[in-house]
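K.L.:
What follows is query13.cif, made up of mmCIF, C-alpha atoms; chains and numbers go by the auth columns:
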```cif
data_data
#
loop_
_atom_site.group_PDB
_atom_site.id
_atom_site.type_symbol
_atom_site.label_atom_id
_atom_site.label_comp_id
_atom_site.label_asym_id
_atom_site.label_seq_id
_atom_site.Cartn_x
_atom_site.Cartn_y
_atom_site.Cartn_z
_atom_site.B_iso_or_equiv
_atom_site.auth_seq_id
_atom_site.auth_asym_id
ATOM 1 C CA MET A 1 -6.166 -15.713 12.249 0.00 1 R
ATOM 2 C CA ASP A 2 -7.293 -17.999 9.493 0.00 2 R
ATOM 3 C CA ASP A 3 -4.440 -20.460 8.952 0.00 3 R
ATOM 4 C CA ILE A 4 -5.696 -21.774 5.629 0.00 4 R
ATOM 5 C CA ARG A 5 -5.965 -18.259 4.269 0.00 5 R
ATOM 6 C CA GLU A 6 -2.405 -17.544 5.439 0.00 6 R
ATOM 7 C CA THR A 7 -0.644 -20.718 4.484 0.00 7 R
ATOM 8 C CA GLY A 8 -2.731 -22.125 1.656 0.00 8 R
ATOM 9 C CA ARG A 9 -2.565 -21.812 -2.085 0.00 9 R
ATOM 10 C CA THR A 10 -6.165 -20.753 -2.589 0.00 10 R
ATOM 11 C CA LEU A 11 -6.879 -17.175 -3.577 0.00 11 R
ATOM 12 C CA ASP A 12 -9.519 -16.111 -1.047 0.00 12 R
ATOM 13 C CA PRO A 13 -9.391 -12.310 -0.689 0.00 13 R
ATOM 14 C CA ARG A 14 -10.693 -10.871 2.546 0.00 14 R
ATOM 15 C CA PHE A 15 -12.824 -8.007 1.241 0.00 15 R
ATOM 16 C CA ASP A 16 -13.777 -5.375 3.815 0.00 16 R
ATOM 17 C CA ALA A 17 -17.278 -4.152 4.671 0.00 17 R
ATOM 18 C CA ASN A 18 -17.281 -2.180 1.410 0.00 18 R
ATOM 19 C CA GLY A 19 -16.172 -5.187 -0.617 0.00 19 R
ATOM 20 C CA LEU A 20 -12.643 -3.847 -1.118 0.00 20 R
ATOM 21 C CA ILE A 21 -9.021 -4.813 -0.650 0.00 21 R
ATOM 22 C CA THR A 22 -6.047 -2.459 -0.789 0.00 22 R
ATOM 23 C CA ALA A 23 -3.856 -2.476 -3.899 0.00 23 R
ATOM 24 C CA VAL A 24 -0.290 -1.150 -3.869 0.00 24 R
ATOM 25 C CA VAL A 25 1.373 -0.513 -7.220 0.00 25 R
ATOM 26 C CA THR A 26 5.152 -0.399 -7.553 0.00 26 R
ATOM 27 C CA HIS A 27 7.307 0.115 -10.623 0.00 27 R
ATOM 28 C CA ALA A 28 8.484 -3.356 -11.636 0.00 28 R
ATOM 29 C CA GLU A 29 12.027 -2.140 -12.234 0.00 29 R
ATOM 30 C CA SER A 30 12.729 0.763 -9.876 0.00 30 R
ATOM 31 C CA GLY A 31 10.573 -0.570 -7.034 0.00 31 R
ATOM 32 C CA GLU A 32 9.156 2.918 -6.447 0.00 32 R
ATOM 33 C CA VAL A 33 5.676 2.940 -4.960 0.00 33 R
ATOM 34 C CA LEU A 34 3.556 4.557 -7.666 0.00 34 R
ATOM 35 C CA MET A 35 0.061 4.576 -6.187 0.00 35 R
ATOM 36 C CA VAL A 36 -2.341 3.009 -3.726 0.00 36 R
ATOM 37 C CA ALA A 37 -5.894 2.185 -4.765 0.00 37 R
ATOM 38 C CA HIS A 38 -8.637 -0.334 -4.047 0.00 38 R
ATOM 39 C CA MET A 39 -10.061 -3.386 -5.772 0.00 39 R
ATOM 40 C CA ASN A 40 -13.364 -5.148 -5.470 0.00 40 R
ATOM 41 C CA GLU A 41 -13.892 -8.683 -6.730 0.00 41 R
ATOM 42 C CA ASP A 42 -14.620 -7.498 -10.290 0.00 42 R
ATOM 43 C CA ALA A 43 -11.545 -5.263 -10.399 0.00 43 R
ATOM 44 C CA LEU A 44 -9.327 -8.120 -9.266 0.00 44 R
ATOM 45 C CA ALA A 45 -10.858 -10.430 -11.872 0.00 45 R
ATOM 46 C CA ALA A 46 -10.477 -7.804 -14.615 0.00 46 R
ATOM 47 C CA THR A 47 -6.839 -7.260 -13.676 0.00 47 R
ATOM 48 C CA GLN A 48 -6.143 -10.982 -13.803 0.00 48 R
ATOM 49 C CA ALA A 49 -7.940 -11.398 -17.120 0.00 49 R
ATOM 50 C CA SER A 50 -6.465 -8.379 -18.901 0.00 50 R
ATOM 51 C CA GLY A 51 -3.027 -8.112 -17.304 0.00 51 R
ATOM 52 C CA GLU A 52 -3.685 -4.398 -16.874 0.00 52 R
ATOM 53 C CA ALA A 53 -4.299 -2.826 -13.485 0.00 53 R
ATOM 54 C CA THR A 54 -7.987 -2.185 -12.858 0.00 54 R
ATOM 55 C CA PHE A 55 -9.385 -0.741 -9.653 0.00 55 R
ATOM 56 C CA TRP A 56 -12.645 0.219 -8.015 0.00 56 R
ATOM 57 C CA SER A 57 -13.020 3.974 -7.980 0.00 57 R
ATOM 58 C CA ARG A 58 -14.593 4.861 -4.652 0.00 58 R
ATOM 59 C CA SER A 59 -15.262 8.446 -5.724 0.00 59 R
ATOM 60 C CA ARG A 60 -16.957 7.451 -8.990 0.00 60 R
ATOM 61 C CA ALA A 61 -18.359 4.143 -7.684 0.00 61 R
ATOM 62 C CA ARG A 62 -17.379 2.199 -10.794 0.00 62 R
ATOM 63 C CA LEU A 63 -14.669 -0.005 -12.237 0.00 63 R
ATOM 64 C CA TRP A 64 -11.712 2.053 -13.325 0.00 64 R
ATOM 65 C CA LYS A 65 -9.026 0.718 -15.590 0.00 65 R
ATOM 66 C CA LYS A 66 -5.957 2.788 -14.873 0.00 66 R
ATOM 67 C CA GLY A 67 -5.128 4.747 -18.026 0.00 67 R
ATOM 68 C CA GLU A 68 -8.552 4.283 -19.608 0.00 68 R
ATOM 69 C CA SER A 69 -8.655 7.987 -20.453 0.00 69 R
ATOM 70 C CA SER A 70 -4.997 9.040 -20.195 0.00 70 R
ATOM 71 C CA GLY A 71 -3.566 6.000 -21.960 0.00 71 R
ATOM 72 C CA HIS A 72 -1.212 5.510 -19.027 0.00 72 R
ATOM 73 C CA VAL A 73 -2.134 1.887 -18.487 0.00 73 R
ATOM 74 C CA MET A 74 -0.149 -0.276 -16.107 0.00 74 R
ATOM 75 C CA ARG A 75 0.897 -3.666 -17.357 0.00 75 R
ATOM 76 C CA VAL A 76 1.025 -6.121 -14.477 0.00 76 R
ATOM 77 C CA ILE A 77 4.297 -8.058 -14.317 0.00 77 R
ATOM 78 C CA GLU A 78 3.485 -9.823 -11.068 0.00 78 R
ATOM 79 C CA MET A 79 0.728 -9.707 -8.482 0.00 79 R
ATOM 80 C CA ARG A 80 1.243 -10.827 -4.886 0.00 80 R
ATOM 81 C CA ILE A 81 -1.128 -11.083 -1.946 0.00 81 R
ATOM 82 C CA ASP A 82 -0.367 -10.634 1.733 0.00 82 R
ATOM 83 C CA CYS A 83 -0.696 -13.020 4.651 0.00 83 R
ATOM 84 C CA ASP A 84 -4.320 -12.309 5.555 0.00 84 R
ATOM 85 C CA GLN A 85 -5.300 -11.658 1.924 0.00 85 R
ATOM 86 C CA ASP A 86 -6.641 -8.141 2.394 0.00 86 R
ATOM 87 C CA ALA A 87 -3.968 -6.401 0.304 0.00 87 R
ATOM 88 C CA VAL A 88 -2.356 -7.026 -3.063 0.00 88 R
ATOM 89 C CA TRP A 89 0.956 -5.788 -4.427 0.00 89 R
ATOM 90 C CA LEU A 90 1.128 -5.193 -8.171 0.00 90 R
ATOM 91 C CA ARG A 91 4.552 -4.917 -9.778 0.00 91 R
ATOM 92 C CA CYS A 92 3.774 -2.984 -12.943 0.00 92 R
ATOM 93 C CA GLN A 93 5.282 -1.534 -16.066 0.00 93 R
ATOM 94 C CA PRO A 94 3.563 1.867 -16.395 0.00 94 R
ATOM 95 C CA ALA A 95 2.942 3.469 -19.786 0.00 95 R
ATOM 96 C CA GLY A 96 3.175 6.942 -18.268 0.00 96 R
ATOM 97 C CA PRO A 97 2.911 8.898 -15.036 0.00 97 R
ATOM 98 C CA ALA A 98 0.922 7.147 -12.310 0.00 98 R
ATOM 99 C CA CYS A 99 -0.492 10.322 -10.813 0.00 99 R
ATOM 100 C CA HIS A 100 -3.271 12.454 -12.265 0.00 100 R
ATOM 101 C CA THR A 101 -1.083 15.472 -11.411 0.00 101 R
ATOM 102 C CA GLY A 102 1.451 14.273 -13.976 0.00 102 R
ATOM 103 C CA ALA A 103 3.934 13.114 -11.364 0.00 103 R
ATOM 104 C CA ARG A 104 5.661 9.788 -11.961 0.00 104 R
ATOM 105 C CA SER A 105 4.405 8.590 -8.575 0.00 105 R
ATOM 106 C CA CYS A 106 1.534 9.811 -6.410 0.00 106 R
ATOM 107 C CA PHE A 107 4.066 9.894 -3.560 0.00 107 R
ATOM 108 C CA TYR A 108 5.863 13.053 -4.693 0.00 108 R
ATOM 109 C CA ARG A 109 6.184 14.648 -1.255 0.00 109 R
ATOM 110 C CA ARG A 110 8.224 13.647 1.759 0.00 110 R
ATOM 111 C CA ILE A 111 6.875 14.278 5.265 0.00 111 R
ATOM 112 C CA GLY A 112 9.508 16.539 6.805 0.00 112 R
ATOM 113 C CA HIS A 113 9.885 18.238 10.143 0.00 113 R
ATOM 114 C CA ASP A 114 8.250 21.419 8.876 0.00 114 R
ATOM 115 C CA GLY A 115 5.631 20.061 6.518 0.00 115 R
ATOM 116 C CA LEU A 116 5.807 18.399 3.136 0.00 116 R
ATOM 117 C CA GLU A 117 8.850 18.570 0.866 0.00 117 R
ATOM 118 C CA PRO A 118 8.720 17.885 -2.879 0.00 118 R
ATOM 119 C CA ILE A 119 10.737 14.843 -3.977 0.00 119 R
ATOM 120 C CA GLU A 120 11.266 15.822 -7.588 0.00 120 R
ATOM 121 C CA MET B 1 -10.097 17.329 -5.767 0.00 121 G
ATOM 122 C CA ASP B 2 -8.621 19.588 -3.125 0.00 122 G
ATOM 123 C CA ASP B 3 -5.818 21.472 -4.844 0.00 123 G
ATOM 124 C CA ILE B 4 -4.215 22.756 -1.665 0.00 124 G
ATOM 125 C CA ARG B 5 -4.063 19.260 -0.251 0.00 125 G
ATOM 126 C CA GLU B 6 -2.462 18.042 -3.482 0.00 126 G
ATOM 127 C CA THR B 7 -0.011 20.789 -4.206 0.00 127 G
ATOM 128 C CA GLY B 8 0.666 22.329 -0.820 0.00 128 G
ATOM 129 C CA ARG B 9 3.311 21.735 1.783 0.00 129 G
ATOM 130 C CA THR B 10 0.926 21.263 4.691 0.00 130 G
ATOM 131 C CA LEU B 11 0.483 17.801 6.143 0.00 131 G
ATOM 132 C CA ASP B 12 -3.302 17.389 6.180 0.00 132 G
ATOM 133 C CA PRO B 13 -4.100 13.654 6.101 0.00 133 G
ATOM 134 C CA ARG B 14 -7.486 12.682 4.742 0.00 134 G
ATOM 135 C CA PHE B 15 -8.574 10.125 7.341 0.00 135 G
ATOM 136 C CA ASP B 16 -11.468 7.876 6.314 0.00 136 G
ATOM 137 C CA ALA B 17 -14.746 7.314 8.159 0.00 137 G
ATOM 138 C CA ASN B 18 -12.846 5.152 10.655 0.00 138 G
ATOM 139 C CA GLY B 19 -10.163 7.787 11.153 0.00 139 G
ATOM 140 C CA LEU B 20 -7.546 5.853 9.205 0.00 140 G
ATOM 141 C CA ILE B 21 -5.134 6.224 6.324 0.00 141 G
ATOM 142 C CA THR B 22 -3.332 3.383 4.544 0.00 142 G
ATOM 143 C CA ALA B 23 0.351 2.825 5.298 0.00 143 G
ATOM 144 C CA VAL B 24 2.638 0.927 2.915 0.00 144 G
ATOM 145 C CA VAL B 25 6.000 -0.200 4.254 0.00 145 G
ATOM 146 C CA THR B 26 8.892 -0.988 1.928 0.00 146 G
ATOM 147 C CA HIS B 27 12.428 -2.059 2.714 0.00 147 G
ATOM 148 C CA ALA B 28 14.551 1.078 2.399 0.00 148 G
ATOM 149 C CA GLU B 29 17.265 -0.747 0.483 0.00 149 G
ATOM 150 C CA SER B 30 15.660 -3.568 -1.501 0.00 150 G
ATOM 151 C CA GLY B 31 12.409 -1.726 -2.179 0.00 151 G
ATOM 152 C CA GLU B 32 10.415 -4.860 -1.406 0.00 152 G
ATOM 153 C CA VAL B 33 6.918 -4.184 -0.095 0.00 153 G
ATOM 154 C CA LEU B 34 7.005 -5.600 3.427 0.00 154 G
ATOM 155 C CA MET B 35 3.506 -4.914 4.744 0.00 155 G
ATOM 156 C CA VAL B 36 0.380 -2.803 4.494 0.00 156 G
ATOM 157 C CA ALA B 37 -1.274 -1.460 7.631 0.00 157 G
ATOM 158 C CA HIS B 38 -3.294 1.527 8.822 0.00 158 G
ATOM 159 C CA MET B 39 -2.616 4.637 10.849 0.00 159 G
ATOM 160 C CA ASN B 40 -4.851 6.950 12.773 0.00 160 G
ATOM 161 C CA GLU B 41 -3.761 10.434 13.816 0.00 161 G
ATOM 162 C CA ASP B 42 -2.044 9.146 16.968 0.00 162 G
ATOM 163 C CA ALA B 43 -0.167 6.422 15.087 0.00 163 G
ATOM 164 C CA LEU B 44 1.123 8.941 12.565 0.00 164 G
ATOM 165 C CA ALA B 45 2.210 11.292 15.342 0.00 165 G
ATOM 166 C CA ALA B 46 3.912 8.463 17.241 0.00 166 G
ATOM 167 C CA THR B 47 5.756 7.377 14.109 0.00 167 G
ATOM 168 C CA GLN B 48 6.965 10.914 13.475 0.00 168 G
ATOM 169 C CA ALA B 49 8.040 11.400 17.095 0.00 169 G
ATOM 170 C CA SER B 50 9.796 8.054 17.578 0.00 170 G
ATOM 171 C CA GLY B 51 11.094 7.322 14.085 0.00 171 G
ATOM 172 C CA GLU B 52 9.708 3.793 14.459 0.00 172 G
ATOM 173 C CA ALA B 53 6.664 2.592 12.527 0.00 173 G
ATOM 174 C CA THR B 54 3.524 2.636 14.648 0.00 174 G
ATOM 175 C CA PHE B 55 0.089 1.675 13.373 0.00 175 G
ATOM 176 C CA TRP B 56 -3.507 1.388 14.489 0.00 176 G
ATOM 177 C CA SER B 57 -4.427 -2.244 14.964 0.00 177 G
ATOM 178 C CA ARG B 58 -7.969 -2.628 13.692 0.00 178 G
ATOM 179 C CA SER B 59 -8.313 -6.133 15.178 0.00 179 G
ATOM 180 C CA ARG B 60 -7.127 -5.088 18.636 0.00 180 G
ATOM 181 C CA ALA B 61 -8.435 -1.503 18.429 0.00 181 G
ATOM 182 C CA ARG B 62 -5.300 0.033 19.889 0.00 182 G
ATOM 183 C CA LEU B 63 -2.021 1.662 18.914 0.00 183 G
ATOM 184 C CA TRP B 64 0.482 -0.952 17.815 0.00 184 G
ATOM 185 C CA LYS B 65 4.168 -0.222 17.535 0.00 185 G
ATOM 186 C CA LYS B 66 5.511 -2.737 15.051 0.00 186 G
ATOM 187 C CA GLY B 67 7.904 -5.034 16.911 0.00 187 G
ATOM 188 C CA GLU B 68 6.645 -4.100 20.359 0.00 188 G
ATOM 189 C CA SER B 69 6.511 -7.784 21.299 0.00 189 G
ATOM 190 C CA SER B 70 8.776 -9.412 18.663 0.00 190 G
ATOM 191 C CA GLY B 71 11.509 -6.789 18.769 0.00 191 G
ATOM 192 C CA HIS B 72 11.239 -6.512 15.009 0.00 192 G
ATOM 193 C CA VAL B 73 10.839 -2.761 14.983 0.00 193 G
ATOM 194 C CA MET B 74 10.979 -0.793 11.750 0.00 194 G
ATOM 195 C CA ARG B 75 13.150 2.277 11.718 0.00 195 G
ATOM 196 C CA VAL B 76 11.696 4.869 9.382 0.00 196 G
ATOM 197 C CA ILE B 77 14.216 6.216 6.886 0.00 197 G
ATOM 198 C CA GLU B 78 11.706 8.315 4.973 0.00 198 G
ATOM 199 C CA MET B 79 7.965 8.839 4.990 0.00 199 G
ATOM 200 C CA ARG B 80 6.058 10.109 1.951 0.00 200 G
ATOM 201 C CA ILE B 81 2.411 10.960 1.441 0.00 201 G
ATOM 202 C CA ASP B 82 0.344 10.640 -1.718 0.00 202 G
ATOM 203 C CA CYS B 83 -1.482 13.232 -3.772 0.00 203 G
ATOM 204 C CA ASP B 84 -4.778 13.215 -1.895 0.00 204 G
ATOM 205 C CA GLN B 85 -3.109 12.495 1.448 0.00 205 G
ATOM 206 C CA ASP B 86 -4.968 9.301 2.263 0.00 206 G
ATOM 207 C CA ALA B 87 -1.944 6.989 2.064 0.00 207 G
ATOM 208 C CA VAL B 88 1.618 7.111 3.353 0.00 208 G
ATOM 209 C CA TRP B 89 4.683 5.242 2.161 0.00 209 G
ATOM 210 C CA LEU B 90 7.273 4.375 4.797 0.00 210 G
ATOM 211 C CA ARG B 91 10.754 3.404 3.635 0.00 211 G
ATOM 212 C CA CYS B 92 12.036 1.414 6.604 0.00 212 G
ATOM 213 C CA GLN B 93 15.007 -0.482 7.930 0.00 213 G
ATOM 214 C CA PRO B 94 13.425 -3.544 9.576 0.00 214 G
ATOM 215 C CA ALA B 95 15.051 -5.259 12.585 0.00 215 G
ATOM 216 C CA GLY B 96 13.567 -8.605 11.555 0.00 216 G
ATOM 217 C CA PRO B 97 10.854 -10.262 9.513 0.00 217 G
ATOM 218 C CA ALA B 98 7.874 -8.021 8.783 0.00 218 G
ATOM 219 C CA CYS B 99 5.302 -10.795 8.890 0.00 219 G
ATOM 220 C CA HIS B 100 3.965 -12.511 11.992 0.00 220 G
ATOM 221 C CA THR B 101 4.421 -15.801 10.062 0.00 221 G
ATOM 222 C CA GLY B 102 8.179 -15.230 10.108 0.00 222 G
ATOM 223 C CA ALA B 103 8.347 -14.328 6.438 0.00 223 G
ATOM 224 C CA ARG B 104 10.534 -11.382 5.461 0.00 224 G
ATOM 225 C CA SER B 105 7.541 -9.755 3.792 0.00 225 G
ATOM 226 C CA CYS B 106 3.820 -10.339 4.271 0.00 226 G
ATOM 227 C CA PHE B 107 3.661 -10.653 0.470 0.00 227 G
ATOM 228 C CA TYR B 108 5.166 -14.145 0.282 0.00 228 G
ATOM 229 C CA ARG B 109 2.757 -15.526 -2.321 0.00 229 G
ATOM 230 C CA ARG B 110 2.306 -14.696 -5.992 0.00 230 G
ATOM 231 C CA ILE B 111 -1.159 -14.845 -7.554 0.00 231 G
ATOM 232 C CA GLY B 112 -0.724 -17.413 -10.315 0.00 232 G
ATOM 233 C CA HIS B 113 -3.048 -18.926 -12.868 0.00 233 G
ATOM 234 C CA ASP B 114 -3.866 -21.857 -10.614 0.00 234 G
ATOM 235 C CA GLY B 115 -3.868 -20.236 -7.223 0.00 235 G
ATOM 236 C CA LEU B 116 -1.142 -18.850 -4.995 0.00 236 G
ATOM 237 C CA GLU B 117 2.536 -19.686 -5.433 0.00 237 G
ATOM 238 C CA PRO B 118 5.127 -19.247 -2.663 0.00 238 G
ATOM 239 C CA ILE B 119 7.827 -16.672 -3.441 0.00 239 G
ATOM 240 C CA GLU B 120 10.510 -17.975 -1.144 0.00 240 G
#
```
Render the structure in this file as structure tokens.
P.N.:
Amino acid sequence: MDDIRETGRTLDPRFDANGLITAVVTHAESGEVLMVAHMNEDALAATQASGEATFWSRSRARLWKKGESSGHVMRVIEMRIDCDQDAVWLRCQPAGPACHTGARSCFYRRIGHDGLEPIE
Amino acid sequence: MDDIRETGRTLDPRFDANGLITAVVTHAESGEVLMVAHMNEDALAATQASGEATFWSRSRARLWKKGESSGHVMRVIEMRIDCDQDAVWLRCQPAGPACHTGARSCFYRRIGHDGLEPIE
């Protein structure tokens, strides 16, 4: 383990082989996990500069500001990073549903004993 | 997008090229994000069978039951999966600190304007 990365005060993200870190978005008030996405260096910088969650879309291979087409942007209240700096946690105020399906959260199904069960 | 995977009730995880999905662990009561890790098919099955969070350790390349050495196991209260089934959210009751540093959560630093700021 890299002690400086773990204990220090320098932002030094550990991007993976594809240049990405994991980003977890929760609702700043309810704490519900809304979505999981990925950020490259540019997405992290754009999020910091704009205060609105911006990711790297792996499927479209481009920067993707959440809500750029739907209007459901996510205002970042706080951003944290984990011990080995390969994941960030964004506490956000969402302007609408997080999921492209229209669900409030992408995690709308529970894993049950006999398959998936809708939450809402 | 795969509609059946998104709308159906069949657990059909979309493992990546390394056979992994992302796993986000939150505290079942406080909602705090405790850690982010990865699961392969065996880790997911072990978690379902035991009710205790089990991951795939990429650094050690083996199954890793959280708390196997520290005793800080995480009892799974609920497990959810996201729309495209490449991430799971585990709401857990932890038996101790989530982070190997001794911190309650691995996310013990905020990303501030001038670097990282300790949360606690």
K.L.:
Apply the PyMOL selection byres ((chain R and resi 70) around 10) to the structure shown and report the selected residues as a list in words.
P.N.:
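Matching residues under the PyMOL selection byres ((chain R and resi 70) around 10) are Lys66, Gly67, Glu68, Ser69, Gly71, His72, Val73, Ala95, Gly96, Pro97 and His100 of chain R.
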K.L.:
Give as a PyMOL selection string the residues that the PyMOL selection byres ((chain G and resi 151) around 10) matches when applied to the coordinates above.
P.N.:
(chain R and resi 26+30-33) or (chain G and resi 145-150+152-154+211-212)
K.L.:
Any chance you can output those residues with C-alpha atoms as a PDB file, in the frame of the given file?
P.N.:
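The result, stored in result_19.pdb:
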```pdb
ATOM      1  CA  THR R  26       5.152  -0.399  -7.553  1.00  0.00           C
ATOM      2  CA  SER R  30      12.729   0.763  -9.876  1.00  0.00           C
ATOM      3  CA  GLY R  31      10.573  -0.570  -7.034  1.00  0.00           C
ATOM      4  CA  GLU R  32       9.156   2.918  -6.447  1.00  0.00           C
ATOM      5  CA  VAL R  33       5.676   2.940  -4.960  1.00  0.00           C
TER       6      VAL R  33
ATOM      7  CA  VAL G 145       6.000  -0.200   4.254  1.00  0.00           C
ATOM      8  CA  THR G 146       8.892  -0.988   1.928  1.00  0.00           C
ATOM      9  CA  HIS G 147      12.428  -2.059   2.714  1.00  0.00           C
ATOM     10  CA  ALA G 148      14.551   1.078   2.399  1.00  0.00           C
ATOM     11  CA  GLU G 149      17.265  -0.747   0.483  1.00  0.00           C
ATOM     12  CA  SER G 150      15.660  -3.568  -1.501  1.00  0.00           C
ATOM     13  CA  GLU G 152      10.415  -4.860  -1.406  1.00  0.00           C
ATOM     14  CA  VAL G 153       6.918  -4.184  -0.095  1.00  0.00           C
ATOM     15  CA  LEU G 154       7.005  -5.600   3.427  1.00  0.00           C
ATOM     16  CA  ARG G 211      10.754   3.404   3.635  1.00  0.00           C
ATOM     17  CA  CYS G 212      12.036   1.414   6.604  1.00  0.00           C
TER      18      CYS G 212
END
```
K.L.:
Counting only C-alpha atoms, which of G:Ile124, G:Asp206, G:Arg129, G:Ser177 gets nearest to chain R?
P.N.:
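Smallest distance to chain R is found for G:Arg129.
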K.L.:
Counting only C-alpha atoms, which residues of chain G come no farther than 7 Å from chain R, as a tab-separated table (two decimals) with C-alpha atoms, keeping the file's coordinate frame?
P.N.:
```tsv
chain	number	residue	atom	x	y	z
G	129	ARG	CA	3.31	21.74	1.78
G	130	THR	CA	0.93	21.26	4.69
G	131	LEU	CA	0.48	17.80	6.14
G	151	GLY	CA	12.41	-1.73	-2.18
G	199	MET	CA	7.96	8.84	4.99
G	200	ARG	CA	6.06	10.11	1.95
G	201	ILE	CA	2.41	10.96	1.44
G	202	ASP	CA	0.34	10.64	-1.72
G	203	CYS	CA	-1.48	13.23	-3.77
G	226	CYS	CA	3.82	-10.34	4.27
G	227	PHE	CA	3.66	-10.65	0.47
G	228	TYR	CA	5.17	-14.14	0.28
G	229	ARG	CA	2.76	-15.53	-2.32
G	230	ARG	CA	2.31	-14.70	-5.99
G	231	ILE	CA	-1.16	-14.84	-7.55
G	235	GLY	CA	-3.87	-20.24	-7.22
G	236	LEU	CA	-1.14	-18.85	-5.00
G	237	GLU	CA	2.54	-19.69	-5.43
```
K.L.:
For the file shown, report as a list in words the outcome of the PyMOL selection byres ((chain G and resi 184) around 12) at residue level.
P.N.:
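Taken over the shown coordinates, the PyMOL selection byres ((chain G and resi 184) around 12) returns Ala157, His158, Met159, Asn160, Asp162, Ala163, Leu164, Ala166, Thr167, Glu172, Ala173, Thr174, Phe175, Trp176, Ser177, Arg178, Ser179, Arg180, Ala181, Arg182, Leu183, Lys185, Lys186, Gly187, Glu188, Ser189, Ser190 and Val193 of chain G.
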K.L.:
How many Å lie between CA of Ile141 (chain G) and CA of Asp16 (chain R), rounded to one decimal?
P.N.:
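Between these atoms lies a distance of 14.7 Å.
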K.L.:
One decimal, in Å: what's the spacing between CA of Met74 (chain R) and CA of Ala98 (chain R)?
P.N.:
8.4 Å
K.L.:
Quick check, in Å to one decimal: how far apart do CA of Glu120 (chain R) and CA of Arg75 (chain R) lie?
P.N.:
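Value for the CA of Glu120 (chain R)-CA of Arg75 (chain R) distance: 24.1 Å.
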